[in-house]
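Shown here: start38.cif, mmCIF, C-alpha atoms.
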```cif
data_coords
loop_
_atom_site.label_atom_id
_atom_site.label_comp_id
_atom_site.auth_asym_id
_atom_site.auth_seq_id
_atom_site.Cartn_x
_atom_site.Cartn_y
_atom_site.Cartn_z
CA MET A 74 0.00 0.00 0.00
CA SER A 75 1.33 3.44 -0.88
CA LYS A 76 2.06 5.96 1.85
CA TRP A 77 -0.64 8.24 0.40
CA LEU A 78 -3.33 5.56 0.49
CA GLN A 79 -2.28 4.66 4.04
CA ALA A 80 -2.61 8.30 5.10
CA PHE A 81 -6.02 8.60 3.44
CA HIS A 82 -7.29 5.52 5.26
CA GLU A 83 -6.10 6.93 8.56
CA ALA A 84 -7.71 10.31 7.96
CA ALA A 85 -10.97 9.10 6.37
CA PRO A 86 -14.09 10.47 8.08
CA PHE A 87 -15.99 7.19 7.70
CA SER A 88 -17.80 5.61 10.63
CA ASP A 89 -16.91 2.04 9.64
CA PRO A 90 -13.42 0.70 10.29
CA VAL A 91 -11.24 0.66 7.20
CA PRO A 92 -9.34 -2.59 6.63
CA ILE A 93 -5.66 -2.06 5.92
CA VAL A 94 -3.52 -4.88 4.65
CA ALA A 95 -0.01 -4.90 6.10
CA ILE A 96 2.63 -6.95 4.35
CA GLY A 97 5.90 -7.51 6.15
CA ALA A 98 9.05 -8.72 4.43
CA ASN A 99 9.11 -11.98 6.38
CA SER A 100 5.54 -12.27 7.55
CA PRO A 101 2.26 -13.41 6.04
CA VAL A 102 -0.40 -10.91 5.07
CA SER A 103 -2.44 -9.76 8.02
CA THR A 104 -5.43 -7.47 8.22
CA LEU A 105 -5.40 -4.54 10.58
CA THR A 106 -8.22 -2.21 11.45
CA ALA A 107 -7.46 1.46 11.17
CA ALA A 108 -8.50 3.79 13.93
CA ASN A 109 -11.61 5.64 12.98
CA GLY A 110 -13.67 8.43 14.39
CA THR A 111 -12.35 11.81 15.41
CA ASN A 112 -10.01 12.68 18.23
CA ASP A 113 -9.35 9.01 18.99
CA THR A 114 -12.99 8.35 19.84
CA GLY A 115 -12.69 4.79 18.60
CA GLY A 116 -15.53 4.86 16.15
CA GLU A 117 -17.71 7.82 16.97
CA THR A 118 -17.63 10.52 14.37
CA ALA A 119 -18.43 14.14 14.87
CA PRO A 120 -21.81 15.06 13.37
CA GLU A 121 -20.22 17.46 10.90
CA ALA A 122 -17.83 14.73 9.70
CA ALA A 123 -20.65 12.23 9.27
CA ALA A 124 -22.66 14.75 7.27
CA SER A 125 -19.75 15.70 5.03
CA ASP A 126 -19.06 14.36 1.55
CA PRO A 127 -18.14 10.65 1.91
CA THR A 128 -15.43 11.00 -0.71
CA GLY A 129 -13.37 13.08 1.71
CA ASP A 130 -11.58 16.30 1.08
CA CYS A 131 -9.82 15.81 -2.27
CA GLU A 132 -8.21 19.24 -2.15
CA GLU A 133 -6.53 18.58 1.20
CA ARG A 134 -5.37 15.14 0.08
CA ALA A 135 -3.99 16.60 -3.15
CA ALA A 136 -2.10 19.33 -1.31
CA ILE A 137 -0.35 16.75 0.87
CA ILE A 138 0.67 14.65 -2.13
CA GLU A 139 1.77 17.60 -4.23
CA HIS A 140 3.84 19.15 -1.45
CA ASP A 141 5.41 15.97 -0.09
CA GLY A 142 5.81 14.19 -3.43
CA ARG A 143 7.02 17.03 -5.70
CA ILE A 144 4.52 16.02 -8.35
CA PRO A 145 2.23 18.05 -10.63
CA CYS A 146 -0.98 19.35 -9.11
CA GLU A 147 -3.11 17.47 -11.69
CA TRP A 148 -1.61 14.12 -10.62
CA ALA A 149 -2.01 14.92 -6.94
CA GLU A 150 -5.63 16.01 -7.33
CA GLY A 151 -6.42 13.05 -9.57
CA TYR A 152 -4.95 10.52 -7.18
CA ALA A 153 -6.65 12.10 -4.17
CA CYS A 154 -10.04 11.78 -5.86
CA LEU A 155 -9.18 8.32 -7.20
CA CYS A 156 -8.73 7.06 -3.64
CA ALA A 157 -12.29 8.00 -2.78
CA MET A 158 -14.16 7.10 -5.97
CA PRO A 159 -16.06 3.84 -6.51
CA CYS A 160 -14.94 1.20 -8.96
CA PRO A 161 -15.80 2.39 -12.49
CA THR A 162 -17.76 0.41 -15.06
CA GLY A 163 -15.58 -2.01 -17.02
CA ILE A 164 -13.08 -2.76 -14.24
CA THR A 165 -13.36 -5.56 -11.68
CA GLN A 166 -13.16 -4.59 -8.01
CA SER A 167 -9.90 -6.52 -7.66
CA ASP A 168 -8.31 -4.76 -10.64
CA TRP A 169 -9.60 -1.40 -9.39
CA GLU A 170 -7.98 -1.87 -5.99
CA SER A 171 -4.75 -2.90 -7.72
CA LEU A 172 -4.87 0.17 -9.99
CA VAL A 173 -5.41 2.57 -7.08
CA ASP A 174 -2.54 0.96 -5.18
CA ALA A 175 -0.34 1.02 -8.30
CA CYS A 176 -1.01 4.75 -8.76
CA GLY A 177 0.00 5.44 -5.18
CA ARG A 178 3.16 3.34 -5.41
CA LEU A 179 4.10 5.01 -8.68
CA LEU A 180 3.66 8.49 -7.22
CA ASP A 181 5.46 7.50 -4.00
CA ARG A 182 8.57 6.24 -5.68
CA TRP A 183 8.73 7.78 -9.15
CA GLY A 184 6.23 10.67 -9.44
CA GLY A 185 8.74 13.48 -9.08
CA ARG A 186 11.25 11.89 -11.44
CA LEU A 187 8.65 11.05 -14.10
CA SER A 188 7.46 14.65 -14.00
CA GLU A 189 11.04 15.90 -14.45
CA LEU A 190 11.45 13.56 -17.43
CA GLY A 191 8.35 14.99 -19.14
CA TRP A 192 5.89 12.12 -18.71
CA THR A 193 2.31 13.35 -19.06
CA THR A 194 -0.95 12.50 -17.35
CA ALA A 195 -1.97 10.45 -20.40
CA ASP A 196 1.39 8.63 -20.44
CA LEU A 197 0.92 7.51 -16.86
CA PHE A 198 -2.80 7.42 -16.08
CA GLY A 199 -4.56 7.26 -19.46
CA MET A 200 -7.31 4.68 -19.98
CA ASP A 201 -9.88 4.12 -22.71
CA ALA A 202 -13.19 5.61 -21.55
CA ARG A 203 -15.33 2.79 -22.98
CA ALA A 204 -13.09 -0.26 -22.48
CA PRO A 205 -10.53 0.67 -19.82
CA MET A 206 -9.00 -2.76 -19.31
CA ALA A 207 -9.28 -4.04 -22.89
CA ARG A 208 -7.86 -1.16 -24.96
CA LEU A 209 -4.15 -1.49 -24.22
CA ASP A 210 -3.35 0.91 -27.05
CA HIS A 211 -5.02 3.66 -25.00
CA ALA A 212 -3.48 2.59 -21.70
CA GLY A 213 -0.97 4.56 -19.70
CA LEU A 214 1.72 3.05 -17.54
CA VAL A 215 -0.49 2.41 -14.50
CA ARG A 216 -2.61 -0.11 -16.44
CA PHE A 217 0.50 -2.29 -16.78
CA LEU A 218 1.47 -2.11 -13.10
CA ILE A 219 -0.99 -4.75 -11.92
CA GLY A 220 1.41 -7.45 -10.74
CA ARG A 221 4.49 -5.41 -11.64
CA ASP A 222 6.74 -2.78 -10.05
CA VAL A 223 8.70 -0.01 -11.71
CA VAL A 224 12.44 -0.46 -11.11
CA GLU A 225 13.89 2.18 -13.45
CA VAL A 226 12.61 5.18 -15.39
CA SER A 227 13.91 7.21 -18.34
CA ALA A 228 12.43 9.84 -20.65
CA ASP A 229 11.18 7.23 -23.14
CA ALA A 230 10.58 4.00 -21.17
CA VAL A 231 10.34 2.27 -17.81
CA LYS A 232 11.72 -1.06 -16.66
CA LEU A 233 9.30 -3.27 -14.76
CA ARG A 234 9.79 -6.28 -12.48
CA THR A 235 7.07 -8.93 -12.52
CA ARG A 236 5.85 -10.92 -9.52
CA ASN A 237 8.07 -13.85 -10.49
CA GLY A 238 11.15 -11.65 -10.89
CA GLY A 239 11.07 -11.26 -14.67
CA LYS A 240 11.99 -7.91 -16.21
CA GLN A 241 10.10 -6.01 -18.88
CA ARG A 242 10.66 -2.73 -20.69
CA LEU A 243 7.62 -0.61 -21.46
CA ARG A 244 8.02 2.26 -23.88
CA ARG A 245 6.19 5.50 -23.41
CA GLY A 246 2.84 5.16 -25.16
CA ARG A 247 0.62 7.16 -27.44
CA ALA A 248 -0.49 10.04 -25.27
CA GLY A 249 -3.80 11.67 -26.04
CA ALA A 250 -5.36 8.92 -28.16
CA PRO A 251 -9.04 9.57 -29.03
CA GLY A 252 -11.26 8.26 -26.25
CA GLN A 253 -8.45 8.27 -23.67
CA VAL A 254 -9.10 9.87 -20.27
CA PRO A 255 -7.20 9.89 -16.98
CA LEU A 256 -8.10 6.99 -14.70
CA TRP A 257 -9.87 9.31 -12.24
CA GLN A 258 -12.29 10.50 -14.96
CA LEU A 259 -13.46 7.09 -16.20
CA ASP A 260 -17.16 7.00 -15.39
CA GLY A 261 -17.53 10.74 -15.92
CA ALA A 262 -16.26 10.39 -19.49
CA LEU A 263 -18.99 8.09 -20.81
#
```

Any chance you could give the structure as structure tokens?
Amino acid sequence: MSKWLQAFHEAAPFSDPVPIVAIGANSPVSTLTAANGTNDTGGETAPEAAASDPTGDCEERAAIIEHDGRIPCEWAEGYACLCAMPCPTGITQSDWESLVDACGRLLDRWGGRLSELGWTTADLFGMDARAPMARLDHAGLVRFLIGRDVVEVSADAVKLRTRNGGKQRLRRGRAGAPGQVPLWQLDGAL
């Protein structure tokens, strides 16, 4: 889980506990329950928090990411909203959770560097509005990070490591293809 997603779970104004999966280097996966509520109330939320927008404060989340991560405002705002939006049409819940986590990991580790190298929103987060998982020709880097990690970046390509240790090189794609939208605009683009 990315540090941004972890922070969002901890700060979420939801009344239900948020499951957080912790993976240690030498330990099995375990599920933790994040503290919820306000002011360490252990589950009670302030009335104003309960009545607020359930998607959370995207602007505040974006400011934290942009400031701490040295990444463009558009990426920070997009990821902040992505963390709170429901799974869009055309993507399974499992793939959606993997995509959100992949976005966070990418921004954590490589966001600032990719921005310096000139990668665009479409290069990284682009998806086809009508067939997000099927149209690989409209897919940005994040679509290919399910089951893979970025290990090296350059101005024209990234090197990926697969779950089984294999290495792949992915060239920078066709940015701005017709019908391509950033991941965080999927259902709004139909």

Please tabulate, as CSV, the residues of region 153-200 of chain A that come within 7 Å of region 238-261 of chain A, each with its closest pair of atoms and the distance in Å to one decimal, counting only C-alpha atoms and ordering rows by chain, then residue number upward.
```
residue,atom,partner,partner_atom,distance
A:Cys154,CA,A:Trp257,CA,6.8
A:Leu155,CA,A:Trp257,CA,5.2
A:Pro161,CA,A:Asp260,CA,5.6
A:Thr162,CA,A:Asp260,CA,6.6
A:Thr194,CA,A:Pro255,CA,6.8
A:Ala195,CA,A:Ala248,CA,5.1
A:Asp196,CA,A:Ala248,CA,5.4
A:Phe198,CA,A:Pro255,CA,5.1
A:Gly199,CA,A:Pro255,CA,4.5
A:Met200,CA,A:Gln253,CA,5.3
```

(message) Measuring between all atoms listed in the file, which one of A:Ala175, A:Leu180, A:Leu197, A:Arg234 shows the shortest distance to Ala212 (chain A)?
(response)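 Closest residue, counting all atoms listed in the file: A:Leu197.
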
TODO: Measuring atom to atom with only C-alpha atoms, identify which of A:Pro145, A:Leu209, A:Gly151, A:Ala204 is nearest to Gly177 (chain A).
DONE: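 Once distances to Gly177 (chain A) are computed over only C-alpha atoms, the minimum belongs to A:Gly151.
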
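CA of Thr235 (chain A) is found 6.1 Å from CA of Gly220 (chain A).
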
(request) Name all residues at most 8 Å from Val223 (chain A) (count all atoms listed in the file; drop same-chain ones fewer than 3 positions away) and give them as a PyMOL selection string. (result) chain A and resi 179+218+226+231-234

Given all atoms listed in the file as the counted atoms, nearest of A:Ala149, A:Ala207, A:Ala230, A:Leu172 to Gly191 (chain A):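 For Gly191 (chain A), the nearest of the given residues is A:Ala230.
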
What separation in Å, quoted to one decimal, exists between CA of Gly163 (chain A) and CA of Leu187 (chain A)?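 About the pair CA of Gly163 (chain A) and CA of Leu187 (chain A): they are 27.7 Å apart.
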
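If you look at CA of Asp174 (chain A) and CA of Ala202 (chain A), they are 20.1 Å away from each other.
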
Shortest interatomic distance to Ser171 (chain A) - which of A:Cys156, A:Trp148, A:Arg186, A:Arg203, counting all atoms listed in the file: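 Under the stated criterion, the closest residue is A:Cys156.
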
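Distances to Ala153 (chain A) were evaluated for A:Leu214, A:Val173, A:Thr193, A:Ser188 using all atoms listed in the file, and the minimum falls at A:Val173.
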